[in-house]
Amino acid sequence: MSSFFRPTTAQGAKVPALKAPTQNARTLKTQGKKAISLSLLLGMTPLAGITPAALAAPNQPAQVEPPQADPASAASPAASLQATPVAAAPGVSGTGAAATGASDADKIDLKVTTGTINISQGGTVSVTTSPLSPEFRKKYKLFQFGLVNRGTDYEWSRTGEATQYPLHRGKVDHLRDDGIVHDNPDGSLTFTFEVKKQTIPASPSPALDVVLTYYPAGEREPNADEYEDPRLTARTPLSLTQDPEPDQTTYVYSMPAVDNPWVDTQLTIEGYHILSKQLVEPGSAPAYLMLYEVDPATGKMVGKPVFTHKVRYTDCGEYYCWSFLNNYFSADVTIHAGTLRPGKSYMIGVYSGLFPNPDEEKVPGSLLTDVAPFIPVRSPNSNTEVKDAAPVLRVEPQQMSQYRSDSPQVSPYWEKNTLQVRAVNLPKLAEGHYRFSLQATDASGNLTGQKALEQDIAADRIQSGYTEATLTIPGEALNYQGGYKLVVEKVLPGQGGAADSVQQVVSTDLGLVVNAFEEHEAAKRWYKAQQLPKSESYSSENLTRRDLTVALYMLAGSPKVELPETSPYPDVQPNDPDYAAYIWARQKGITFGWIDGNFHPEARVYNSSAVAFLYRYQRAQGKVPAAKPRPVSSASKKSSLPGGSSERGWNTVLGWHYSFHKESQWAIDQHIWGYVSEQSTYESYALSFIGHTELATMLYRMEHGGSRLR
């Protein structure tokens with residue numbers, strides 16, 4: 001595979017090459033043999049369907065004799081351009097380059113019988129050996145077969161530098177099992193295989209040899225790591241041609257338009273000249289194929305992406321992939337019913353590398369590369385086209401979580417859950433009405449009967465069986481376990497005083513986001529809303545005794561305190577702006593300072609000291625419950641507190657005697673502190689200072705009845 005990716009701008013101007021990451025050749029020497037699976041190159045599937053008439057080409061590339069042409073070659077935007085033969089490397093013979101270091105009787109000649117292969121279209125390659133006599137078959141064992149760079153060895157050179165990975169390779173015995181190798185009556189062998197379109201690098205100009213290796217039958221199988229290599233090599237050039245690359249971004253679709261957006265659309269999308277701009281974030285993260293709606297007044301993309309599809313990079317090295325080979329990709333996508341709206345215009349483009357966070361783009365789609373118009377989205381000609389279609393409910397994902405999700409989600413930690421919903425193919429009602437209903441489900445996905453929302457759909461909001469709405473659900477209306485379904489219900493009025501009849505028409509599942517990250521984010525928002533002591537960095541371990549005391553004082557409503565004229569603490573003066581908070585905490589039994597008589601307001605706070613303050617704060621308000629009884633067993637002696645260990649979840653017991661052990665156990669029992677998971681191991685009770693994030697989390701849990709994390 002090429003070591004360089006040379007993107008071009010949309011105008012065709014060259015930009016600096018992006019060099020592939022360097023690799024340790026000696027390490028790669030053994031790993032490289034398994035880097036490419038044979039399955040990547042077999043079973044080429046031609047593009048099905050047709051392409052827009054505007055992209056159909058009047059002139060086809062010159063036909064070469066006799067490879068199988070891709071039936072979809074007319075769909076290629078480059079098909080109207082003359083295919084360009086690839087020049088052979090200087091000093092390399094044209095055909096029949098046989099093994100060196102062997103007598104004439106021991107040589108194998110190879111001949112490509114299918115002629116030239118167009119790397120832009122792919123096709124069949126058939127290679128036949130010279131007849132192999134019975135004596136030859138006894139004397140030698142056929143070993144490997146593949147395509148390699150012109151003039152290079154099959155695998156690694158002895159200098160430690162890698163040759164190009166064979167584009168098609170395998171041991172002859174394995175290829176025989178796969179049906180790639182066929183025996184001919186004259187004793188020759190024929191290798192026949194498919195090369196998918198755009199799997200041979202076009203840059204730098206490719207020059208490939210077909211290579212067959214073999215070795216004396218009495219010796220053990222060759223090893224590329226050994227200096228003495230018994231392999232003999234037969235090779236012959238493979239004639240190549242390629243279509244010119246488009247000079248601007250081009251997308252080709254398997255249909256000229258989306259005729260009916262109210263049903264699922266199966267679409268094949270090919271992209272040419274993709275990622276011609278420099279990559280935003282090269283690496284193994286997939287690219288994202290996106291659709292944005294276009295404002296007809298401005299011609300600009302608006303709102304959030306309506307459709308997302310991950311596309312794996314195809315230009316790969318030993319360890320990861322970083323772009324699309326030959327600036328080309330192909331993707332089979334399903335655009336679900338109701339995703340697109342009739343008569344609307346859309347733009348298609350790619351986010352290279354990591355998907356941007358919602359706040360990274362000042363203008364929707366501004367970080368997309370290679371943007372182009374999407375195919376037209378038409379309106380169904382009449383209701384008869386969708387009359388018998390099943391109702392469909394679509395919910396657009398809201399991007400509020402730490403990691404972007406392609407599926408719709410709700411969370412009790414989000415202040416507002418805003419859902420953009422579309423329902424299509426709703427049958428007309430002679431009586432009654434439709435409504436949206438958000439209903440809780442248990443762990444098995446069954447409805448529990450709890451509803452977080454009911455919103456009627458006015459009859460005039462349903463046109464031709466289609467309606468859309470924005471639903472807003474407060475996070476506090478949601479629970480913390482199970483999941484949710486959004487349901488469209490049909491409500492028919494009861495007869496003779498009977499209750500209304502409610503029938504479920506269509507529903508879709510919503511994910512429930514309950515995790516430590518979202519809880520911490522909710523805690524920080526709540527902490528800020530309470531106007532508690534601020535911190536420049538929530539993640540730093542800079543919480544002081546002053547901060548903690550003032551936070552609890554303010555949380556209690558900053559009550560009026562009878563202040564003594566003489567401070568009980570030598571290091572605190574009555575004119576200290578937080579003097580009232582210190583005296584209030586002393587009067588409530590929250591803290592009496594250190595054993596030396598000082599308050600030490602600037603001293604940092606340990607996790608166990610913080611939960612001790614919270615325990616006494618709750619006790620002063622009469623909110624400390626009795627300790628939970630617990631069985632004594634060998635398992636219960638394990639804890640994440642010092643001297644013990646814990647499984648993922650909440651600790652249950654103290655491991656050994658420890659300062660503030662009663663208060664710490666209370667914090668664990670009330671789910672205020674002590675949650676242990678792969679993402680939040682800092683909640684263990686090993687001595688550590690805490691910062692404002694930890695304080696915000698503790699106070700948020702305390703004021704909300706404890707954490708709901710399990």
# chains A, B, ... in the order shown; residues from 1 in each chain; ligands from 1
>>> select_by_dssp(residues="segment 125-283 of chain A", states="strand (DSSP E)", output="PyMOL selection string")
chain A and resi 125-129+140-149+169-171+181-183+189-195+208-216+232-238+240-242+250-253+265-272
>>> residues_around(residues="Thr268 of chain A", least_positions_apart="2", cutoff="7 Å", atoms="only C-alpha atoms", output="PyMOL selection string")
chain A and resi 253-254+270+331-333
>>> write_last_selection(atoms="all heavy atoms", output="compact mmCIF listing (two decimals), in the first residue's frame")
# COMPACT_ATOMS: atom_id res chain seq x y z
N TYR A 253 -25.02 8.00 -7.14
CA TYR A 253 -26.06 7.30 -6.39
C TYR A 253 -26.67 6.20 -7.25
O TYR A 253 -26.70 6.30 -8.47
CB TYR A 253 -27.14 8.27 -5.93
CG TYR A 253 -26.60 9.49 -5.24
CD1 TYR A 253 -26.34 10.66 -5.95
CD2 TYR A 253 -26.31 9.47 -3.89
CE1 TYR A 253 -25.82 11.78 -5.32
CE2 TYR A 253 -25.80 10.59 -3.25
CZ TYR A 253 -25.54 11.74 -3.97
OH TYR A 253 -25.02 12.84 -3.35
N SER A 254 -27.18 5.17 -6.61
CA SER A 254 -27.78 4.06 -7.33
C SER A 254 -29.20 4.35 -7.79
O SER A 254 -29.83 3.49 -8.40
CB SER A 254 -27.77 2.81 -6.44
OG SER A 254 -28.43 3.05 -5.21
N GLU A 270 -21.48 6.28 -3.93
CA GLU A 270 -20.05 6.27 -4.21
C GLU A 270 -19.54 7.71 -4.17
O GLU A 270 -20.18 8.62 -4.69
CB GLU A 270 -19.78 5.69 -5.60
CG GLU A 270 -20.01 4.19 -5.69
CD GLU A 270 -19.62 3.67 -7.05
OE1 GLU A 270 -20.39 3.88 -8.01
OE2 GLU A 270 -18.54 3.06 -7.16
N ALA A 331 -20.56 3.12 -0.14
CA ALA A 331 -21.29 2.77 1.08
C ALA A 331 -22.73 2.40 0.72
O ALA A 331 -23.37 3.10 -0.08
CB ALA A 331 -21.28 3.92 2.07
N ASP A 332 -23.21 1.33 1.30
CA ASP A 332 -24.62 0.95 1.18
C ASP A 332 -25.34 1.46 2.42
O ASP A 332 -24.99 1.08 3.55
CB ASP A 332 -24.78 -0.57 1.07
CG ASP A 332 -24.17 -1.12 -0.20
OD1 ASP A 332 -24.35 -0.48 -1.26
OD2 ASP A 332 -23.52 -2.17 -0.15
N VAL A 333 -26.32 2.32 2.24
CA VAL A 333 -26.99 2.96 3.37
C VAL A 333 -28.48 2.70 3.31
O VAL A 333 -29.04 2.43 2.24
CB VAL A 333 -26.73 4.49 3.39
CG1 VAL A 333 -25.25 4.78 3.40
CG2 VAL A 333 -27.40 5.17 2.21
>>> closest_residue(among="A:Ser567, A:Thr190, A:Gln420, A:Ser501", to="Asn598 of chain A", atoms="only C-alpha atoms")
A:Ser567
>>> residues_around(residues="Ala217 of chain A", least_positions_apart="3", cutoff="9 Å", atoms="only C-alpha atoms", output="ChimeraX atom specification")
/A:137-142,214,220-221
>>> write_last_selection(atoms="N, CA, C and O atoms", output="PDB file, in the first residue's frame")
ATOM      1  N   ARG A 137       6.572 -31.502 -10.008  1.00  0.00           N
ATOM      2  CA  ARG A 137       5.673 -31.489  -8.845  1.00  0.00           C
ATOM      3  C   ARG A 137       6.245 -32.307  -7.690  1.00  0.00           C
ATOM      4  O   ARG A 137       5.963 -32.005  -6.525  1.00  0.00           O
ATOM      5  N   LYS A 138       7.042 -33.340  -8.003  1.00  0.00           N
ATOM      6  CA  LYS A 138       7.688 -34.106  -6.934  1.00  0.00           C
ATOM      7  C   LYS A 138       8.865 -33.350  -6.344  1.00  0.00           C
ATOM      8  O   LYS A 138       9.161 -33.463  -5.155  1.00  0.00           O
ATOM      9  N   LYS A 139       9.527 -32.561  -7.187  1.00  0.00           N
ATOM     10  CA  LYS A 139      10.749 -31.888  -6.755  1.00  0.00           C
ATOM     11  C   LYS A 139      10.467 -30.596  -5.997  1.00  0.00           C
ATOM     12  O   LYS A 139      11.228 -30.219  -5.095  1.00  0.00           O
ATOM     13  N   TYR A 140       9.358 -29.914  -6.339  1.00  0.00           N
ATOM     14  CA  TYR A 140       9.072 -28.604  -5.738  1.00  0.00           C
ATOM     15  C   TYR A 140       7.662 -28.554  -5.165  1.00  0.00           C
ATOM     16  O   TYR A 140       6.756 -29.251  -5.639  1.00  0.00           O
ATOM     17  N   LYS A 141       7.536 -27.687  -4.158  1.00  0.00           N
ATOM     18  CA  LYS A 141       6.222 -27.430  -3.562  1.00  0.00           C
ATOM     19  C   LYS A 141       5.853 -25.973  -3.826  1.00  0.00           C
ATOM     20  O   LYS A 141       6.631 -25.064  -3.523  1.00  0.00           O
ATOM     21  N   LEU A 142       4.675 -25.763  -4.392  1.00  0.00           N
ATOM     22  CA  LEU A 142       4.206 -24.396  -4.620  1.00  0.00           C
ATOM     23  C   LEU A 142       3.873 -23.754  -3.278  1.00  0.00           C
ATOM     24  O   LEU A 142       3.267 -24.387  -2.402  1.00  0.00           O
ATOM     25  N   TYR A 214       7.933 -20.890  -4.954  1.00  0.00           N
ATOM     26  CA  TYR A 214       7.973 -22.322  -4.693  1.00  0.00           C
ATOM     27  C   TYR A 214       9.346 -22.654  -4.113  1.00  0.00           C
ATOM     28  O   TYR A 214      10.271 -21.839  -4.159  1.00  0.00           O
ATOM     29  N   ARG A 220      11.876 -27.627   4.750  1.00  0.00           N
ATOM     30  CA  ARG A 220      10.719 -27.124   5.483  1.00  0.00           C
ATOM     31  C   ARG A 220      10.247 -25.802   4.884  1.00  0.00           C
ATOM     32  O   ARG A 220      10.973 -25.145   4.152  1.00  0.00           O
ATOM     33  N   GLU A 221       9.053 -25.417   5.263  1.00  0.00           N
ATOM     34  CA  GLU A 221       8.433 -24.218   4.701  1.00  0.00           C
ATOM     35  C   GLU A 221       9.292 -22.987   4.969  1.00  0.00           C
ATOM     36  O   GLU A 221       9.778 -22.793   6.081  1.00  0.00           O
TER      37      GLU A 221
END
>>> decode(residues="segment 344-372 of chain A", atoms="C-alpha atoms", output="compact mmCIF listing (two decimals), in the first residue's frame")
# COMPACT_ATOMS: atom_id res chain seq x y z
CA LYS A 344 -36.61 19.69 0.64
CA SER A 345 -33.02 20.05 -0.53
CA TYR A 346 -30.07 18.44 1.24
CA MET A 347 -26.28 18.61 1.16
CA ILE A 348 -24.02 15.60 1.57
CA GLY A 349 -20.51 15.67 2.98
CA VAL A 350 -17.97 13.87 5.16
CA TYR A 351 -16.58 14.60 8.61
CA SER A 352 -13.06 13.21 8.47
CA GLY A 353 -11.77 11.57 11.62
CA LEU A 354 -13.57 12.35 14.87
CA PHE A 355 -17.11 13.69 14.74
CA PRO A 356 -17.17 17.33 15.98
CA ASN A 357 -18.96 18.25 19.17
CA PRO A 358 -22.07 20.39 18.74
CA ASP A 359 -20.29 23.54 19.95
CA GLU A 360 -17.30 23.17 17.59
CA GLU A 361 -19.18 24.43 14.53
CA LYS A 362 -20.31 28.04 14.47
CA VAL A 363 -22.27 27.26 11.31
CA PRO A 364 -23.91 23.84 10.73
CA GLY A 365 -21.70 21.65 8.58
CA SER A 366 -18.80 24.11 8.49
CA LEU A 367 -16.27 21.32 9.26
CA LEU A 368 -17.54 19.01 6.53
CA THR A 369 -15.10 18.15 3.75
CA ASP A 370 -16.09 17.60 0.12
CA VAL A 371 -19.64 18.95 0.32
CA ALA A 372 -21.99 18.48 -2.63
